[in-house]
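I have placed the structure first, in the form of structure tokens, so that the comments after it can refer back to it.
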Amino acid sequence: MTIVLGDARLPRSSDLVDVTVRDGRIASFAPAGAPGERGLERIPLDGRWLIPGLWDQHVHFTQWAQTARRLDVSRASSAAETAALVRSRAAADPRTDVLVGFGFHDALWPDAPTRELLDAAAGDRPVVLIAGDLHCSWLNGAAFERFAPGAHGALLREDESFALTSRLTPSDEATLDRWAAEAAQSAAARGVVGIVDLEYGGNLEVWSRRFAAGFRGLRVEFGVYRDRLADAVALGLRTGAPVEGTGGLLTMGPFKVISDGSLNTRTALCLHPYPDGGHGVANLTPAELLADLRFAAVNDIEPAVHAIGDEANRLALDAFEALGSGGRIEHAQLIDPADIPRFAALGVTASVQPEHAMDDRDVADRLWPGRTADAFPLAALLDSGARLAFGSDAPVAPLDPWAAIASAVGRTRDGRAPWHPEQRIPVEAALAASTRTRVAGGEPADLAVVESDPLAATPDELRGMRVAATLLAGRLTHNAL
């Protein structure tokens, strides 16, 4: 199939061009209106800007697809306020078996989350509230009785919380897949053409089922975790290799290992103590981490290490140095300045989520006092030569690369003063970290059509960027022209 995208602009150019797309790739450029092949379908862009399609390079897609159906407790400023939201939802929706909420951040709360608060709000109905960082869950007594009998306290953290979260999906696969298709359409409406899905569980089976049923909304690279790494190797899966029957849209992604916890849950592994005296958690010994990375690397599966605290990042970089090959570090939120140059030197990609800096700035100021100059150090990484790859970690932040780009460029949101503005990066670099291709001959026609020039936009304008159309391999997945 051949189409012409007519009267397009490229960023920082006032010239109008016609872009011919043939068989899913950009074939040629010509001045707008110049004679060309006759009889081709023409899509008029009317002077809109044409940019590479966007990627979200760290998502938990199935959880993101469910989030809109869950109780939003992200704006609650206390445990009591959260319990009040639960009470209102329980009264308004008495038939749902388990009341699931998402998004609480208790690190700044003046009161503690307790079982008793949720028991009073919902009685004997199970309540599970998932923290906004995904590393913690708050349960009432009925939920503990069903999901974690014998556990103490009100919170499940890390592996116990992950295990519970994976059990909270609808049993009806068709419903879940429909929600995923709707989430993909919403992503396409923001110019997204691809995701790296680091959802827990059987990603190969889930996405193979979706593509077999006709899903074609996004390119999907799926990751695996420690419990499925050997199975992936046995199946011959290799990072970058397409899965048959998906038109090349579904490919194997990285192997992800979670080396530490998170900031809000106070489990990110840090060199210096938190205010309560703890240093966070290490989920693996250095020897175990290196063994996992080596097994993945020798089998051509890219290793990706979740590391948030500065000690976790140092240990991950040590492992990559011993391994002798590159990979990814996911999050890289707090980095000792001495470790910054090691990313480029070792060929390790910083897979980061700039919007988290805006979500976590107040928590970081409290829990990492005196260290936040080293938090979310995007400019320092970029200046050192490190490769940046932007994501959202959805549902931790919305699946919207424009939010990541805006936060990286402005280090601000909601009218607040920029937070550590010395770590702002140029918009060109932010856009490059959110894309995989170029608008150039021979490149895949994975494209977004936007209403203004992103290279001339303010951070607020970037955050609200209007997307007129999205094309995946030359096929419209979103059309608001």
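Ordering of the structure tokens sets the chain letters (A, B, ...); residue numbers start at 1 within each chain; ligands are numbered from 1 in the order shown.
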
Please build the interface table for range 202-290 of chain A against range 42-62 of chain A with a cut-off of 12 Å, listing for each qualifying residue the nearest atom pair and the distance in Å to one decimal; count only C-alpha atoms, order rows by chain and increasing number, and write it as a tab-separated table.
residue	atom	partner	partner_atom	distance
A:Gly202	CA	A:Thr62	CA	11.1
A:Asn203	CA	A:Thr62	CA	9.6
A:Val206	CA	A:Thr62	CA	9.4
A:Trp207	CA	A:Thr62	CA	10.2
A:Arg210	CA	A:Thr62	CA	11.7
A:Leu218	CA	A:Trp55	CA	9.5
A:Arg219	CA	A:Trp55	CA	8.9
A:Val220	CA	A:Trp55	CA	9.8
A:Glu221	CA	A:Gln57	CA	8.8
A:Phe222	CA	A:Val59	CA	9.7
A:Gly223	CA	A:His58	CA	9.7
A:Val224	CA	A:His60	CA	11.8
A:Gly253	CA	A:Gln57	CA	10.2
A:Pro254	CA	A:His58	CA	10.6
A:Lys256	CA	A:His58	CA	10.8

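The residues of range 124-172 of chain A that DSSP classifies as alpha helix (DSSP H), using the backbone of this structure, are Gly141, Ala142, Ala143, Phe144, Glu145, Arg146, Phe147, Asp159, Glu160, Ser161, Phe162, Ala163, Leu164, Thr165 and Ser166 of chain A.
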
I'd like the contact shell of Ala112 in chain A - 10 Å cut-off, only C-alpha atoms, skipping same-chain residues fewer than 6 positions apart - returned as a count of residues only. 5

Range 20-27 of chain A surroundings by only C-alpha atoms, 6 Å radius, close-in-sequence under 4 positions cut, as an mmCIF file with C-alpha atoms, in the first residue's frame:
data_model
loop_
_atom_site.group_PDB
_atom_site.id
_atom_site.type_symbol
_atom_site.label_atom_id
_atom_site.label_comp_id
_atom_site.auth_asym_id
_atom_site.auth_seq_id
_atom_site.Cartn_x
_atom_site.Cartn_y
_atom_site.Cartn_z
ATOM 1 C CA MET A 1 0.000 0.000 0.000
ATOM 2 C CA THR A 2 1.226 3.502 -0.864
ATOM 3 C CA ILE A 3 -0.044 6.778 0.605
ATOM 4 C CA VAL A 4 1.087 10.384 0.556
ATOM 5 C CA GLY A 441 13.818 7.681 3.908
ATOM 6 C CA GLY A 442 13.828 3.941 4.545
ATOM 7 C CA GLU A 443 12.665 4.273 8.142
ATOM 8 C CA PRO A 444 9.489 2.545 9.374
ATOM 9 C CA ALA A 445 6.458 4.773 8.919
ATOM 10 C CA ALA A 473 3.847 1.022 9.728
ATOM 11 C CA GLY A 474 1.905 3.484 7.570
#

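Those residues that approach range 293-301 of chain A to within 7 Å, counting only C-alpha atoms, are Val233, Arg238, Thr239, Pro254, Phe255, Leu289, Leu290 and Leu323 of chain A; same-chain residues fewer than 3 positions away are not listed.
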
As a ChimeraX atom specification, please: the residues near range 416-426 of chain A (cut-off 7 Å, only C-alpha atoms, same-chain neighbours under 6 positions excluded). /A:373,377-380,408-410

For the selection just defined, write its residues with C-alpha atoms to a file, as a short mmCIF file (atom, residue, chain, number, x, y, z; two decimals), in the first residue's frame.
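Contents of part-v1.cif, freshly written:
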data_model
loop_
_atom_site.label_atom_id
_atom_site.label_comp_id
_atom_site.auth_asym_id
_atom_site.auth_seq_id
_atom_site.Cartn_x
_atom_site.Cartn_y
_atom_site.Cartn_z
CA ALA A 373 20.73 17.00 43.78
CA PRO A 377 19.94 13.24 37.27
CA LEU A 378 18.90 13.38 33.61
CA ALA A 379 21.23 16.19 32.53
CA ALA A 380 24.19 14.59 34.28
CA ALA A 408 12.48 16.22 31.51
CA VAL A 409 12.54 19.59 29.76
CA GLY A 410 10.97 21.68 32.52
#

Write out as a count of residues only each polymer residue whose atoms come within 12 Å of His135 in chain A, counting only C-alpha atoms; drop sequence neighbours fewer than 4 positions from it. 30

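Taking only range 207-351 of chain A, the residues that DSSP calls strand (DSSP E) from the backbone come to Arg219, Val220, Glu221, Phe222, Gly223, Val224, Leu250, Thr251, Met252, Gly253, Pro254, Phe255, Lys256, Val257, Ile258, Pro303, Ala304, Val305, His306, Ala307, Gly327, Arg328, Ile329, Glu330, His331, Val348, Thr349, Ala350 and Ser351 of chain A.
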
So how many Å separate CA of Leu399 in chain A and CA of Ala184 in chain A, to one decimal? 9.7 Å

Gap from CA of Gly324 in chain A to CA of Asn283 in chain A - Å, one decimal: 22.3 Å

Nearest to Pro286 in chain A, chosen from A:Asn479, A:Ser392, A:Asn313, A:Ser351, with only C-alpha atoms counted in the distances: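 Going through A:Asn479, A:Ser392, A:Asn313, A:Ser351 one by one, the smallest distance to Pro286 in chain A is for A:Asn313.
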
For the atom pair CA of Ala120 in chain A and CA of Arg87 in chain A, what is the interatomic distance in Å to one decimal place?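 Here the two named atoms are 8.2 Å from each other.
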
Using only C-alpha atoms, find the one residue out of A:Arg411, A:Asp133, A:Gly217, A:Arg115 that sits nearest to Glu145 in chain A.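 Closest to Glu145 in chain A of all the choices is A:Arg115.
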